[in-house]
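Next comes data_26.tsv, with TSV, C-alpha atoms.
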```tsv
chain	number	residue	atom	x	y	z
A	817	MET	CA	-11.96	-31.93	5.58
A	818	ASN	CA	-13.57	-29.51	7.99
A	819	ARG	CA	-10.77	-27.04	8.78
A	820	LEU	CA	-7.65	-26.11	6.83
A	821	PHE	CA	-4.74	-24.39	8.57
A	822	TRP	CA	-2.52	-22.89	5.85
A	823	ILE	CA	0.76	-21.50	7.20
A	824	VAL	CA	3.20	-19.45	5.13
A	825	LEU	CA	6.78	-19.37	6.42
A	826	ASP	CA	7.54	-16.01	4.87
A	827	SER	CA	10.69	-16.22	2.68
A	828	LEU	CA	11.71	-19.83	3.44
A	829	GLY	CA	12.93	-20.63	-0.07
A	830	ILE	CA	14.60	-23.98	-0.75
A	831	GLY	CA	16.98	-23.31	-3.64
A	832	GLU	CA	17.33	-21.25	-6.77
A	833	ALA	CA	14.47	-21.47	-9.26
A	834	PRO	CA	15.21	-22.35	-12.91
A	835	ASP	CA	15.01	-18.65	-13.84
A	836	ALA	CA	16.92	-17.35	-10.79
A	837	ALA	CA	19.57	-15.79	-13.03
A	838	ASP	CA	16.92	-13.49	-14.54
A	839	PHE	CA	16.42	-12.03	-11.07
A	840	GLY	CA	20.09	-11.90	-10.09
A	841	ASP	CA	19.66	-14.75	-7.62
A	842	THR	CA	21.91	-17.52	-8.91
A	843	GLY	CA	23.09	-19.64	-5.99
A	844	SER	CA	20.45	-18.50	-3.51
A	845	ASN	CA	19.22	-21.19	-1.11
A	846	THR	CA	17.62	-19.84	2.04
A	847	LEU	CA	16.96	-23.17	3.77
A	848	LYS	CA	20.40	-24.60	3.03
A	849	SER	CA	22.07	-21.46	4.36
A	850	ILE	CA	20.24	-21.53	7.69
A	851	SER	CA	20.62	-25.32	8.00
A	852	LYS	CA	24.35	-24.76	8.58
A	853	SER	CA	23.67	-22.78	11.76
A	854	LYS	CA	24.07	-24.42	15.15
A	855	LYS	CA	20.68	-22.95	16.04
A	856	PHE	CA	18.90	-24.96	13.35
A	857	HIS	CA	16.82	-27.84	14.74
A	858	ILE	CA	13.65	-28.98	12.95
A	859	PRO	CA	12.72	-32.53	14.04
A	860	ASN	CA	8.99	-32.02	13.49
A	861	LEU	CA	9.34	-30.63	9.97
A	862	LEU	CA	11.72	-33.47	9.14
A	863	SER	CA	9.23	-36.03	10.46
A	864	LEU	CA	6.61	-34.57	8.13
A	865	GLY	CA	8.95	-34.96	5.17
A	866	MET	CA	10.81	-31.69	4.65
A	867	GLY	CA	13.98	-33.66	3.87
A	868	ASN	CA	12.06	-35.83	1.39
A	869	ILE	CA	11.25	-32.88	-0.88
A	870	ASP	CA	13.18	-32.80	-4.16
A	871	SER	CA	16.75	-31.52	-3.63
A	872	LEU	CA	16.47	-31.41	0.20
A	873	SER	CA	18.04	-34.78	0.99
A	874	TYR	CA	20.92	-32.92	2.69
A	875	LEU	CA	18.52	-32.41	5.60
A	876	GLY	CA	18.03	-36.16	6.01
A	877	ALA	CA	15.01	-37.91	4.52
A	878	ALA	CA	12.43	-39.54	6.81
A	879	ALA	CA	11.98	-43.27	6.23
A	880	ASN	CA	8.23	-42.84	6.67
A	881	PRO	CA	7.28	-39.18	6.16
A	882	ARG	CA	4.00	-38.17	7.76
A	883	ALA	CA	2.93	-35.55	5.21
A	884	ALA	CA	2.49	-35.20	1.48
A	885	HIS	CA	5.42	-33.15	0.23
A	886	ALA	CA	6.42	-31.19	-2.85
A	887	ARG	CA	8.70	-28.54	-4.28
A	888	LEU	CA	6.79	-25.63	-5.83
A	889	THR	CA	7.90	-23.39	-8.69
A	890	GLU	CA	6.70	-19.80	-9.00
A	891	SER	CA	5.05	-19.08	-12.36
A	892	SER	CA	4.56	-15.36	-11.82
A	893	ARG	CA	7.19	-12.84	-12.89
A	894	GLY	CA	8.09	-11.60	-9.46
A	895	LYS	CA	9.61	-12.56	-6.15
A	896	ASP	CA	7.81	-10.37	-3.66
A	897	THR	CA	5.33	-11.11	-0.90
A	898	THR	CA	2.25	-9.90	-2.74
A	899	ILE	CA	2.85	-11.81	-5.96
A	900	GLY	CA	3.90	-14.94	-4.06
A	901	HIS	CA	0.77	-14.98	-1.91
A	902	TRP	CA	-1.50	-14.08	-4.80
A	903	GLU	CA	-0.10	-16.96	-6.83
A	904	MET	CA	-0.55	-19.50	-4.05
A	905	ALA	CA	-4.13	-18.24	-3.79
A	906	GLY	CA	-4.71	-18.67	-7.54
A	907	ILE	CA	-3.53	-15.55	-9.40
A	908	ILE	CA	-0.56	-15.91	-11.75
A	909	SER	CA	1.00	-12.53	-12.58
A	910	PRO	CA	2.63	-12.34	-16.04
A	911	ARG	CA	4.32	-9.05	-15.15
A	912	PRO	CA	6.08	-7.98	-11.96
A	913	LEU	CA	4.60	-5.20	-9.90
A	914	PRO	CA	6.43	-1.89	-10.51
A	915	THR	CA	9.55	-1.04	-8.55
A	916	PHE	CA	11.34	2.29	-8.24
A	917	PRO	CA	15.11	1.86	-7.82
A	918	ASP	CA	15.62	5.60	-8.40
A	919	GLY	CA	12.79	6.71	-6.16
A	920	PHE	CA	9.32	7.90	-7.16
A	921	PRO	CA	8.90	10.49	-9.92
A	922	PRO	CA	8.34	14.17	-9.05
A	923	GLU	CA	4.70	14.10	-10.17
A	924	ILE	CA	3.92	11.37	-7.62
A	925	ILE	CA	5.81	13.07	-4.80
A	926	SER	CA	4.03	16.35	-5.58
A	927	GLN	CA	0.64	14.64	-5.28
A	928	ILE	CA	1.66	13.03	-1.97
A	929	GLU	CA	2.75	16.40	-0.59
A	930	THR	CA	-0.51	18.02	-1.67
A	931	ALA	CA	-2.63	15.21	-0.20
A	932	THR	CA	-0.84	15.19	3.17
A	933	GLY	CA	0.10	18.84	3.51
A	934	ARG	CA	3.68	17.79	4.36
A	935	LYS	CA	6.93	17.80	2.42
A	936	VAL	CA	8.67	14.54	1.52
A	937	ILE	CA	12.29	13.67	2.30
A	938	CYS	CA	14.54	10.77	1.21
A	939	ASN	CA	12.56	9.21	-1.69
A	940	LYS	CA	15.03	6.44	-2.51
A	941	PRO	CA	15.54	2.74	-1.77
A	942	TYR	CA	16.62	2.30	1.84
A	943	SER	CA	16.80	-0.12	4.74
A	944	GLY	CA	13.95	0.55	7.13
A	945	THR	CA	16.21	0.74	10.17
A	946	GLU	CA	18.83	2.88	8.46
A	947	VAL	CA	16.38	5.34	6.95
A	948	ILE	CA	15.05	6.44	10.34
A	949	ARG	CA	18.61	6.71	11.65
A	950	ASP	CA	19.69	8.89	8.73
A	951	TYR	CA	16.52	10.98	8.30
A	952	GLY	CA	14.85	10.80	11.73
A	953	ASP	CA	16.29	14.06	13.05
A	954	LEU	CA	15.35	16.00	9.91
A	955	HIS	CA	11.85	14.53	10.06
A	956	ILE	CA	11.42	15.66	13.67
A	957	LYS	CA	12.80	19.12	12.92
A	958	THR	CA	10.69	19.77	9.81
A	959	GLY	CA	7.69	17.45	10.11
A	960	SER	CA	8.44	16.15	6.62
A	961	LEU	CA	7.50	12.57	5.80
A	962	ILE	CA	10.23	9.99	5.24
A	963	VAL	CA	9.26	8.28	1.99
A	964	TYR	CA	11.34	5.34	0.80
A	965	THR	CA	11.13	2.12	-1.14
A	966	SER	CA	13.12	-1.11	-1.57
A	967	ALA	CA	13.77	-3.74	-4.20
A	968	ASP	CA	10.13	-4.76	-3.67
A	969	SER	CA	7.08	-3.03	-5.07
A	970	VAL	CA	6.47	-0.83	-2.03
A	971	PHE	CA	5.88	2.81	-1.10
A	972	GLN	CA	6.77	3.30	2.56
A	973	ILE	CA	6.13	6.26	4.83
A	974	ALA	CA	8.05	6.44	8.11
A	975	ALA	CA	7.05	8.94	10.79
A	976	HIS	CA	7.71	9.42	14.49
A	977	GLU	CA	4.58	8.77	16.52
A	978	GLU	CA	5.02	12.06	18.43
A	979	ILE	CA	5.24	14.04	15.18
A	980	VAL	CA	2.60	12.19	13.16
A	981	PRO	CA	0.08	10.22	15.24
A	982	VAL	CA	-0.38	6.68	13.95
A	983	ASP	CA	-4.00	7.20	12.91
A	984	VAL	CA	-2.93	10.22	10.86
A	985	LEU	CA	-0.07	8.24	9.28
A	986	TYR	CA	-2.60	5.60	8.26
A	987	LYS	CA	-4.73	8.29	6.58
A	988	TYR	CA	-1.67	9.52	4.70
A	989	CYS	CA	-1.05	5.97	3.49
A	990	GLU	CA	-4.67	5.61	2.41
A	991	ALA	CA	-4.26	8.80	0.37
A	992	ALA	CA	-1.05	7.46	-1.17
A	993	ARG	CA	-2.79	4.19	-2.03
A	994	LYS	CA	-5.36	6.13	-4.07
A	995	ILE	CA	-2.61	8.08	-5.86
A	996	LEU	CA	-0.46	5.05	-6.70
A	997	THR	CA	-2.44	3.55	-9.55
A	998	GLY	CA	-1.78	2.54	-13.16
A	999	GLU	CA	1.93	2.34	-13.91
A	1000	TYR	CA	2.61	3.39	-10.32
A	1001	ALA	CA	0.40	0.73	-8.72
A	1002	VAL	CA	2.87	-0.68	-6.19
A	1003	GLY	CA	1.92	-3.86	-4.38
A	1004	ARG	CA	1.88	-2.27	-0.96
A	1005	VAL	CA	1.84	1.15	0.68
A	1006	ILE	CA	3.29	0.64	4.15
A	1007	ALA	CA	2.96	2.80	7.24
A	1008	ARG	CA	6.18	2.62	9.28
A	1009	PRO	CA	5.73	4.39	12.64
A	1010	PHE	CA	8.73	4.73	14.95
A	1011	THR	CA	9.53	6.12	18.39
A	1012	GLY	CA	12.54	7.00	20.53
A	1013	LYS	CA	15.32	9.54	20.33
A	1014	SER	CA	18.26	9.89	17.97
A	1015	PRO	CA	20.28	7.84	17.28
A	1016	ASP	CA	18.25	5.07	18.90
A	1017	PHE	CA	14.98	5.33	16.99
A	1018	ILE	CA	12.89	2.15	17.12
A	1019	ARG	CA	10.25	0.98	14.66
A	1020	THR	CA	7.06	0.06	16.46
A	1021	SER	CA	4.73	-2.89	15.93
A	1022	ARG	CA	1.99	-0.62	14.53
A	1023	ARG	CA	3.13	-1.04	10.94
A	1024	HIS	CA	0.20	-1.36	8.56
A	1025	ASP	CA	0.11	-2.43	4.90
A	1026	PHE	CA	-2.33	-0.95	2.39
A	1027	SER	CA	-2.27	-3.46	-0.42
A	1028	LEU	CA	-3.32	-3.40	-4.02
A	1029	GLU	CA	-6.53	-5.40	-4.33
A	1030	PRO	CA	-6.08	-8.72	-6.18
A	1031	TYR	CA	-7.00	-8.26	-9.85
A	1032	GLY	CA	-8.54	-11.71	-10.24
A	1033	ASN	CA	-10.44	-14.32	-8.27
A	1034	THR	CA	-8.63	-16.12	-5.49
A	1035	VAL	CA	-9.41	-19.24	-3.52
A	1036	LEU	CA	-10.53	-16.94	-0.69
A	1037	ASP	CA	-13.31	-15.64	-2.95
A	1038	ASP	CA	-14.32	-19.19	-3.88
A	1039	LEU	CA	-14.29	-20.49	-0.32
A	1040	LYS	CA	-16.38	-17.58	0.91
A	1041	ALA	CA	-18.80	-18.04	-2.00
A	1042	GLY	CA	-19.03	-21.70	-0.99
A	1043	GLY	CA	-20.22	-20.77	2.48
A	1044	LEU	CA	-16.94	-21.46	4.29
A	1045	ARG	CA	-15.39	-19.23	6.94
A	1046	THR	CA	-12.14	-17.44	6.10
A	1047	ILE	CA	-9.84	-16.40	8.95
A	1048	SER	CA	-6.52	-14.58	8.54
A	1049	VAL	CA	-3.59	-14.34	10.95
A	1050	GLY	CA	-0.69	-11.92	10.50
A	1051	LYS	CA	-0.47	-9.83	7.34
A	1052	ILE	CA	-2.69	-12.06	5.18
A	1053	TYR	CA	-5.53	-9.54	5.53
A	1054	ASP	CA	-3.28	-6.75	4.25
A	1055	ILE	CA	-1.89	-8.80	1.34
A	1056	PHE	CA	-5.39	-9.47	0.01
A	1057	ALA	CA	-6.71	-5.99	0.89
A	1058	GLY	CA	-9.21	-7.67	3.21
A	1059	ARG	CA	-11.18	-9.18	0.35
A	1060	SER	CA	-13.21	-12.30	1.19
A	1061	ILE	CA	-11.78	-12.48	4.70
A	1062	ASP	CA	-14.37	-12.85	7.45
A	1063	GLU	CA	-12.13	-12.46	10.45
A	1064	SER	CA	-8.68	-10.90	10.81
A	1065	HIS	CA	-6.09	-11.31	13.56
A	1066	PRO	CA	-3.07	-8.99	13.16
A	1067	ALA	CA	0.12	-10.17	14.87
A	1068	VAL	CA	3.12	-8.29	16.23
A	1069	ASN	CA	5.53	-11.18	15.63
A	1070	ASN	CA	5.74	-14.91	14.91
A	1071	SER	CA	5.14	-15.89	18.51
A	1072	ASP	CA	1.97	-13.81	18.68
A	1073	ALA	CA	0.72	-15.31	15.41
A	1074	MET	CA	1.42	-18.88	16.52
A	1075	ASN	CA	-0.35	-18.31	19.83
A	1076	THR	CA	-3.35	-16.95	17.92
A	1077	VAL	CA	-3.45	-20.01	15.66
A	1078	SER	CA	-3.39	-22.28	18.72
A	1079	GLN	CA	-6.37	-20.40	20.13
A	1080	ILE	CA	-8.28	-20.57	16.84
A	1081	ALA	CA	-7.64	-24.33	16.73
A	1082	GLU	CA	-9.68	-24.65	19.92
A	1083	ARG	CA	-12.75	-23.26	18.16
A	1084	ASP	CA	-15.37	-24.92	16.02
A	1085	PHE	CA	-15.62	-23.61	12.46
A	1086	ARG	CA	-15.63	-24.94	8.94
A	1087	GLY	CA	-13.23	-23.22	6.61
A	1088	LEU	CA	-9.73	-21.79	6.26
A	1089	CYS	CA	-7.29	-20.28	8.75
A	1090	PHE	CA	-4.65	-18.59	6.55
A	1091	VAL	CA	-1.46	-17.57	8.38
A	1092	ASN	CA	1.67	-15.56	7.56
A	1093	LEU	CA	4.73	-15.72	9.82
A	1094	VAL	CA	6.69	-12.64	8.79
A	1095	ASP	CA	9.67	-12.58	11.17
A	1096	PHE	CA	11.77	-14.94	9.04
A	1097	ASP	CA	11.74	-12.37	6.24
A	1098	MET	CA	11.44	-9.06	8.04
A	1099	LEU	CA	13.80	-9.59	10.97
A	1100	TYR	CA	16.32	-12.09	9.63
A	1101	GLY	CA	16.33	-12.56	5.86
A	1102	HIS	CA	16.50	-8.87	4.98
A	1103	ARG	CA	19.07	-8.27	7.71
A	1104	ASN	CA	21.33	-11.16	6.66
A	1105	ASP	CA	21.01	-12.74	10.11
A	1106	THR	CA	21.54	-16.45	9.44
A	1107	ASP	CA	21.56	-17.55	13.08
A	1108	GLY	CA	18.48	-15.49	13.86
A	1109	TYR	CA	16.65	-17.01	10.91
A	1110	ALA	CA	17.67	-20.54	11.98
A	1111	ALA	CA	16.54	-19.91	15.54
A	1112	ALA	CA	13.17	-18.57	14.35
A	1113	VAL	CA	12.54	-21.65	12.19
A	1114	SER	CA	13.50	-23.85	15.14
A	1115	GLU	CA	11.03	-21.94	17.32
A	1116	PHE	CA	8.31	-22.59	14.75
A	1117	ASP	CA	9.24	-26.27	14.72
A	1118	ARG	CA	8.86	-26.51	18.51
A	1119	TRP	CA	5.44	-24.88	18.29
A	1120	LEU	CA	4.51	-27.18	15.41
A	1121	GLY	CA	5.12	-30.26	17.54
A	1122	GLY	CA	2.41	-29.17	19.97
A	1123	PHE	CA	0.05	-28.01	17.23
A	1124	LEU	CA	0.15	-31.35	15.44
A	1125	GLN	CA	-1.07	-33.02	18.62
A	1126	LYS	CA	-4.03	-30.62	18.82
A	1127	MET	CA	-5.23	-31.25	15.27
A	1128	ARG	CA	-8.59	-32.96	14.89
A	1129	SER	CA	-9.20	-35.97	12.69
A	1130	ASP	CA	-10.85	-33.84	10.00
A	1131	ASP	CA	-8.23	-31.05	10.03
A	1132	VAL	CA	-5.58	-30.53	7.35
A	1133	LEU	CA	-2.38	-28.49	7.69
A	1134	PHE	CA	-0.56	-26.88	4.75
A	1135	ILE	CA	2.95	-25.45	5.26
A	1136	THR	CA	4.64	-23.48	2.48
A	1137	ALA	CA	6.49	-20.23	1.66
A	1138	ASP	CA	6.11	-17.30	-0.73
A	1139	HIS	CA	9.70	-16.66	-1.99
A	1140	GLY	CA	13.25	-16.79	-0.66
A	1141	CYS	CA	15.43	-14.31	1.23
A	1142	ASP	CA	18.80	-15.97	1.66
A	1143	PRO	CA	20.54	-14.37	4.66
A	1144	ALA	CA	23.93	-15.76	3.62
A	1145	THR	CA	24.19	-13.90	0.30
A	1146	PRO	CA	25.43	-10.29	0.01
A	1147	SER	CA	21.96	-9.20	-1.11
A	1148	THR	CA	19.39	-8.15	1.47
A	1149	ASP	CA	16.52	-8.56	-0.99
A	1150	HIS	CA	14.13	-11.41	-1.73
A	1151	SER	CA	15.48	-14.27	-3.84
A	1152	ARG	CA	13.87	-16.23	-6.68
A	1153	GLU	CA	13.63	-19.74	-5.22
A	1154	TYR	CA	11.54	-22.87	-5.13
A	1155	VAL	CA	9.42	-23.16	-1.98
A	1156	PRO	CA	8.47	-26.20	0.12
A	1157	PHE	CA	5.01	-27.65	0.49
A	1158	LEU	CA	3.79	-30.03	3.19
A	1159	ALA	CA	0.22	-31.30	3.68
A	1160	TYR	CA	-0.57	-33.17	6.87
A	1161	GLY	CA	-3.70	-34.69	8.36
A	1162	SER	CA	-5.32	-38.01	9.13
A	1163	GLU	CA	-7.10	-37.75	5.74
A	1164	ILE	CA	-3.84	-37.05	3.83
A	1165	ASN	CA	-1.74	-39.68	2.10
A	1166	PRO	CA	1.99	-38.87	2.65
A	1167	VAL	CA	3.07	-39.07	-0.99
A	1168	ASN	CA	5.91	-37.34	-2.81
A	1169	LEU	CA	4.35	-34.94	-5.30
A	1170	GLY	CA	7.68	-34.09	-6.92
A	1171	THR	CA	8.16	-30.59	-8.33
A	1172	ARG	CA	4.99	-28.68	-9.18
A	1173	ALA	CA	4.73	-25.99	-11.86
A	1174	SER	CA	2.96	-23.32	-9.84
A	1175	PHE	CA	2.23	-22.10	-6.32
A	1176	ALA	CA	-1.40	-21.88	-7.53
A	1177	ASP	CA	-1.69	-25.66	-7.25
A	1178	ILE	CA	-2.11	-25.12	-3.50
A	1179	ALA	CA	-5.26	-23.03	-3.99
A	1180	ALA	CA	-6.74	-25.49	-6.48
A	1181	THR	CA	-6.13	-28.34	-4.05
A	1182	ALA	CA	-7.69	-26.47	-1.13
A	1183	ALA	CA	-10.83	-25.88	-3.20
A	1184	GLU	CA	-10.94	-29.57	-4.16
A	1185	LEU	CA	-10.62	-30.70	-0.56
A	1186	PHE	CA	-13.46	-28.39	0.46
A	1187	CYS	CA	-15.52	-29.43	-2.59
A	1188	VAL	CA	-16.16	-25.86	-3.73
A	1189	LYS	CA	-16.22	-24.48	-7.26
A	1190	TYR	CA	-12.79	-23.12	-8.15
A	1191	THR	CA	-12.43	-20.17	-10.55
A	1192	ALA	CA	-8.70	-19.30	-10.41
A	1193	SER	CA	-5.46	-20.77	-11.79
A	1194	GLY	CA	-3.62	-23.92	-10.77
A	1195	THR	CA	-3.89	-27.69	-11.03
A	1196	GLY	CA	-5.16	-29.42	-7.93
A	1197	PHE	CA	-3.69	-32.62	-6.57
A	1198	ALA	CA	-6.35	-33.59	-4.05
A	1199	PRO	CA	-6.95	-37.01	-5.69
A	1200	GLU	CA	-3.25	-37.79	-5.17
A	1201	ILE	CA	-3.12	-36.91	-1.48
A	1202	LYS	CA	-6.61	-37.75	-0.24
A	1203	LYS	CA	-6.64	-41.11	1.56
A	1204	TYR	CA	-9.05	-43.76	0.44
A	1205	THR	CA	-12.17	-44.38	2.46
A	1206	ALA	CA	-12.66	-47.52	4.52
A	1207	SER	CA	-14.72	-48.98	1.68
A	1208	GLY	CA	-11.75	-48.63	-0.67
A	1209	THR	CA	-13.67	-46.52	-3.17
A	1210	GLY	CA	-11.36	-43.52	-2.93
A	1211	PHE	CA	-12.95	-40.19	-2.03
A	1212	ALA	CA	-16.23	-40.11	-0.23
A	1213	PRO	CA	-19.03	-40.01	-2.87
A	1214	GLU	CA	-19.74	-36.29	-2.55
A	1215	ILE	CA	-16.03	-35.45	-2.97
A	1216	LYS	CA	-15.53	-37.81	-5.88
A	1217	LYS	CA	-18.52	-36.29	-7.66
A	1218	GLU	CA	-17.08	-32.78	-7.34
A	1219	LEU	CA	-13.66	-33.80	-8.65
A	1220	LEU	CA	-14.77	-35.81	-11.69
```
In structure tokens, write the structure found in this file.
Amino acid sequence: MNRLFWIVLDSLGIGEAPDAADFGDTGSNTLKSISKSKKFHIPNLLSLGMGNIDSLSYLGAAANPRAAHARLTESSRGKDTTIGHWEMAGIISPRPLPTFPDGFPPEIISQIETATGRKVICNKPYSGTEVIRDYGDLHIKTGSLIVYTSADSVFQIAAHEEIVPVDVLYKYCEAARKILTGEYAVGRVIARPFTGKSPDFIRTSRRHDFSLEPYGNTVLDDLKAGGLRTISVGKIYDIFAGRSIDESHPAVNNSDAMNTVSQIAERDFRGLCFVNLVDFDMLYGHRNDTDGYAAAVSEFDRWLGGFLQKMRSDDVLFITADHGCDPATPSTDHSREYVPFLAYGSEINPVNLGTRASFADIAATAAELFCVKYTASGTGFAPEIKKYTASGTGFAPEIKKELL
């Protein structure tokens, strides 16, 4: 393998995990919910074997799936973006990142106000669109910062771009990131700039995440140490706090990210292109928009058809997700679900890998395929999916040596 394109369909869960009840998510099934929409059409994913994954036969199984396929179980105690991505990269988190359903304590808010020189308003869980509708006028009148959170481990600051310039908002978030440590170490501090006039305020695309740095080694660290190039598209750079990422390409939406991946595929490099497509979660899952979610997955599938044709003989494609966010349930939060995994390439044997015990198996497998030393969690399955060589001896000698 020369290049690995690893795409995360943010929040595309495929059914409640065994411990879903612990998270209040019994009955959640993001993929099944959107599959009932008239806007759902995924012929390319089905040809790869999405319907052949355990429990997904309702989609229609391919007689001859083109990709290796599996259902992955999350081992970490969490269901948010950060923990999901960290686990698939090799870090299993025994404890969830802290959340603040009653808002942040006074001592934290006081430190934020001192660091920014501005008062704080709101300080409670809120929808991002509703919070600027309800507090936007007060923010403009007083210059106070709209601080809010959600069911996730996040500290969010919303500010109108004419009241707080975006570069200043970013500095405020950097200050908050330094304050939020220890028991208050949220996964992400998020800048949420908005524009417009009341009541039609609009969040802009200049959101920026200031993430907690991973507390252990990830496959990104190992690939970089092995001399491979690491490229991120979308919010991957933010999720890993930029660590061991050589080149970052932010994206304003799924379409922008997919176009960027197509452009990167035209280049010569050896290494990983790690991609997050966030619209499924941000625009549709959290807003309980089933048809919008289905349409977005269908748009990805159309793009995928063209991308598969562009892949080189020594390329491999991974497709997976980080958690669920079922738009058909009353909840607007993430859901504790299994996630899909597909691995495609001319070097990949299209086998059914069943149900795996951890997202971290993806990272271990990526390291095996690149023949680099792996220092994080997970059990690789490269020997199961790597096609035999023409000589019938299995892996090429240098790969076999690394895996034994």
Env of Thr932 (chain A): 9 Å cut, atoms = all atoms listed in the file, seq-sep filter 4 positions within chain, self excluded. Answer as a compact mmCIF listing (two decimals) with C-alpha atoms, keeping the file's coordinate frame.
```txt
# COMPACT_ATOMS: atom_id res chain seq x y z
CA GLN A 927 0.64 14.64 -5.28
CA ILE A 928 1.66 13.03 -1.97
CA LYS A 987 -4.73 8.29 6.58
CA TYR A 988 -1.67 9.52 4.70
CA ALA A 991 -4.26 8.80 0.37
CA ALA A 992 -1.05 7.46 -1.17
```
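Neighbouring residues of region 1080-1089 of chain A at 7 Å or closer, counting only C-alpha atoms and skipping chain neighbours under 5 positions away, are Asn818, Arg819, Leu820, Phe821, Trp822, Leu1044, Arg1045, Thr1046, Ile1047 and Ser1048 of chain A.
The smallest atom-to-atom distance between Phe839 (chain A) and any of A:Val1091, A:Pro912, A:Thr898, A:Ile924, using all atoms listed in the file, is found for A:Pro912.
If all atoms listed in the file are the atoms counted, then among A:Gly952, A:Gly1042, A:Pro859, A:Gly829 the closest residue to Pro1015 (chain A) is A:Gly952.
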Counting all atoms listed in the file, what is within 7 Å of Val824 (chain A), bar same-chain residues fewer than 6 positions away, as a CSV table (one decimal) with C-alpha atoms, in the coordinates of the input?
```
chain,number,residue,atom,x,y,z
A,1091,VAL,CA,-1.5,-17.6,8.4
A,1092,ASN,CA,1.7,-15.6,7.6
A,1093,LEU,CA,4.7,-15.7,9.8
A,1135,ILE,CA,3.0,-25.4,5.3
A,1136,THR,CA,4.6,-23.5,2.5
A,1137,ALA,CA,6.5,-20.2,1.7
A,1138,ASP,CA,6.1,-17.3,-0.7
```
Using all atoms listed in the file and a cutoff of 12 Å, can you tell me which residues are near (-7.0, -13.9, -9.1) in the file's coordinates, and write them out as a PyMOL selection string? chain A and resi 892+898-899+901-910+1029-1038+1056+1059+1176+1179-1180+1190-1194
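Among A:Ala1159, A:Leu1099, A:Leu861, A:Leu888, the residue with the shortest atom-to-atom distance to Arg1118 (chain A), counting only C-alpha atoms, is A:Leu861.
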Among the residues A:Leu1028, A:Ile979, A:Val1094, A:Leu913, the one that comes closest to Val1049 (chain A) [using only C-alpha atoms]: A:Val1094
List as a PDB file with C-alpha atoms, in the frame of the given file the protein and nucleic acid residues near Asp1117 (chain A), meaning an atom at most 10 Å away when all atoms listed in the file are counted, but skip any in the same chain fewer than 5 places from it.
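Saved file selection19.pdb follows:
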```
ATOM      1  CA  PHE A 856      18.900 -24.960  13.350  1.00  0.00           C
ATOM      2  CA  HIS A 857      16.820 -27.840  14.740  1.00  0.00           C
ATOM      3  CA  ILE A 858      13.650 -28.980  12.950  1.00  0.00           C
ATOM      4  CA  PRO A 859      12.720 -32.530  14.040  1.00  0.00           C
ATOM      5  CA  ASN A 860       8.990 -32.020  13.490  1.00  0.00           C
ATOM      6  CA  LEU A 861       9.340 -30.630   9.970  1.00  0.00           C
ATOM      7  CA  LEU A 862      11.720 -33.470   9.140  1.00  0.00           C
ATOM      8  CA  ALA A1111      16.540 -19.910  15.540  1.00  0.00           C
ATOM      9  CA  ALA A1112      13.170 -18.570  14.350  1.00  0.00           C
ATOM     10  CA  GLY A1122       2.410 -29.170  19.970  1.00  0.00           C
ATOM     11  CA  PHE A1123       0.050 -28.010  17.230  1.00  0.00           C
TER      12      PHE A1123
END
```
